[in-house]
Amino acid sequence: MNRPRLLVAATFGLWLGVIGAADAGEIEAEPAAEAPPPAAEAPLVEPTATVWAQAGSRSWTGCSKIASEAAKQLFTGDEATNNLRDNHHWAIQARECPGVPDVLAMAARSELLRRLELPEGVDETTDLSALELASVESRARANAWIDGATTELRRRRDKRNLGLEYWRGRAHLSLNEIEQAKLSLGRAIDDGTTEGWKIRRLLALAALYAGDLEAGLVLANRAMIDAPHHDRLVSAYVLALVLDRAGDSAGAERRMKHTLDMDGDGSQMRALEASVPIHERLYLRAYAKTVRRETSGALRLWDAYLARSEPEDPERRLAERHRIALQPLPTNLGGPAHADEGRDASGR
């Protein structure tokens with residue numbers, strides 16, 4: 001008997017039986033895997049703010065356009081004062097683009113050139129507290145913008161200076177912070193960003209207010225020589241003030257009279273006033289009216305200056321001499337003696 005053939009037949013029969021049982025449903029099929037439950041609907045996600053908006057800024061495109069505009073205006077030579085309000089154009093741009101150095105520098109420049117006027121008819125009874133407060137607040141805003149621009153330049157590793165130390169020096173000088181002004185203006189000289197004659201005429205005033213007449217004369221003369229013809233009047237005013245304090249009364253008067261004649265609308269004198277303390281503004285205006293022999297206005301301004309606490313004894317004595325020079329000379333034509341004439345008009 002052939003065993004291999006029997007074994008194959010038996011295996012084949014067994015396989016047919018299994019197939020038949022499966023067809024008959026006798027073998028249980030493997031259960032199908034359960035379908036996963038339907039996924040929950042994903043919640044809507046609010047759009048996130050751009051990095052510029054999160055930094056309190058406009059879009060990059062908007063701020064870059066404003067930065068280009070600021071860069072074009074920042075180094076214009078004109079430093080005439082303006083009539084801007086405290087919430088002026090560049091103040092708004094600085095809030096909307098707080099990370100752009102050019103915009104912040106332009107905001108500080110515009111703020112420091114604002115015309116904060118003395119009241120009309122000022123005399124020793126005039127309350128200047130509102131002007132003093134406005135000046136302090138204005139300089140605080142300007143210094144904050146200067147600090148912000150300096151920080152941003154450092155963060156960007158931007159080597160530009162943008163004249164920031166020059167404007168910081170002006171802010172300090174206008175608040176009578178003489179030592180801080182000298183330090184900032186000295187750094188401005190080292191920066192080389194701002195014209196040297198602009199810096200030196202402010203340094204001349206700082207030296208003058210600190211009592212260093214020799215340094216004031218050197219700096220004022222240098223600023224006068226170096227200044228271009230179109231921007232020499234402010235330097236001329238500074239030189240006249242230094243000559244006056246140094247005791248050259250005739251030279252100071254000639255210089256002041258010529259400068260006043262050249263400065264027809266007084267815009268250059270107002271530009272100088274924007275960078276000096278309030279009591280020195282009073283001195284400048286009083287001296288200008290004295291040179292022009294506008295006696296009534298000059299006397300009121302000298303009285304307002306002498307009523308201030310800032311002037312020291314040498315400045316007070318000089319102001320008093322200017323004031324006395326405005327009073328009418330004594331005569332022997334009769335009538336009561338003037339209060340400053342002594343015991344009588346004959347001098348006995």
# chains A, B, ... in the order shown; residues from 1 in each chain; ligands from 1
$ closest_atom_pairs --of "stretch 131-232 of chain A" --to "stretch 301-323 of chain A" --cutoff "12 Å" --atoms "only C-alpha atoms" --output "Markdown table"
| residue | atom | partner | partner_atom | distance |
| --- | --- | --- | --- | --- |
| A:Leu175 | CA | A:Glu310 | CA | 11.4 |
| A:Asn176 | CA | A:Glu310 | CA | 9.1 |
| A:Glu177 | CA | A:Glu310 | CA | 11.8 |
| A:Leu208 | CA | A:Glu315 | CA | 10.7 |
| A:Tyr209 | CA | A:Pro311 | CA | 9.4 |
| A:Ala210 | CA | A:Glu312 | CA | 10.4 |
| A:Gly211 | CA | A:Pro314 | CA | 9.3 |
$ residues_around --residues "A:Glu117" --least-positions-apart "4" --cutoff "10 Å" --atoms "only C-alpha atoms" --output "PyMOL selection string"
chain A and resi 83+131+270+273-274+278+281
$ closest_atom_pairs --of "stretch 115-208 of chain A" --to "stretch 61-80 of chain A" --cutoff "9 Å" --atoms "only C-alpha atoms" --output "JSON lines"
{"residue": "A:Leu162", "atom": "CA", "partner": "A:Leu74", "partner_atom": "CA", "distance": 7.8}
{"residue": "A:Gly163", "atom": "CA", "partner": "A:Phe75", "partner_atom": "CA", "distance": 8.3}
{"residue": "A:Thr194", "atom": "CA", "partner": "A:Phe75", "partner_atom": "CA", "distance": 8.3}
$ residues_around --residues "A:Arg160" --least-positions-apart "5" --cutoff "12 Å" --atoms "only C-alpha atoms" --output "list in words"
Ala71, Pro101, Asp102, Ala105, Ala149, Thr150, Glu152, Leu153, Arg154, Glu165, Asp191, Gly192, Thr193 and Thr194 of chain A
$ residues_around --residues "A:Asp190" --least-positions-apart "4" --cutoff "12 Å" --atoms "only C-alpha atoms" --output "list of chain:residue names"
A:Asn161, A:Gly163, A:Glu165, A:Tyr166, A:Leu183, A:Ser184, A:Leu185, A:Gly186, A:Thr194, A:Glu195, A:Gly196, A:Ile199
$ closest_atom_pairs --of "stretch 268-322 of chain A" --to "stretch 215-234 of chain A" --cutoff "7 Å" --atoms "only C-alpha atoms" --output "Markdown table"
| residue | atom | partner | partner_atom | distance |
| --- | --- | --- | --- | --- |
| A:Gln268 | CA | A:Val234 | CA | 5.8 |
| A:Met269 | CA | A:Val234 | CA | 6.7 |
| A:Leu272 | CA | A:Val234 | CA | 6.2 |
$ write_last_selection --atoms "C-alpha atoms" --output "mmCIF file, in the first residue's frame"
data_model
loop_
_atom_site.group_PDB
_atom_site.id
_atom_site.type_symbol
_atom_site.label_atom_id
_atom_site.label_comp_id
_atom_site.auth_asym_id
_atom_site.auth_seq_id
_atom_site.Cartn_x
_atom_site.Cartn_y
_atom_site.Cartn_z
ATOM 1 C CA GLN A 268 16.573 133.551 16.739
ATOM 2 C CA MET A 269 16.294 135.011 20.223
ATOM 3 C CA LEU A 272 18.013 130.663 22.240
#
$ atom_distance --atom1 "atom CA of A:Lys289" --atom2 "atom CA of A:Gly169"
28.3 Å
$ closest_residue --among "A:Leu112, A:Leu205, A:Ala130, A:Leu118" --to "A:Trp167" --atoms "only C-alpha atoms"
A:Leu112
$ atom_distance --atom1 "atom CA of A:Glu280" --atom2 "atom CA of A:Arg201"
14.9 Å
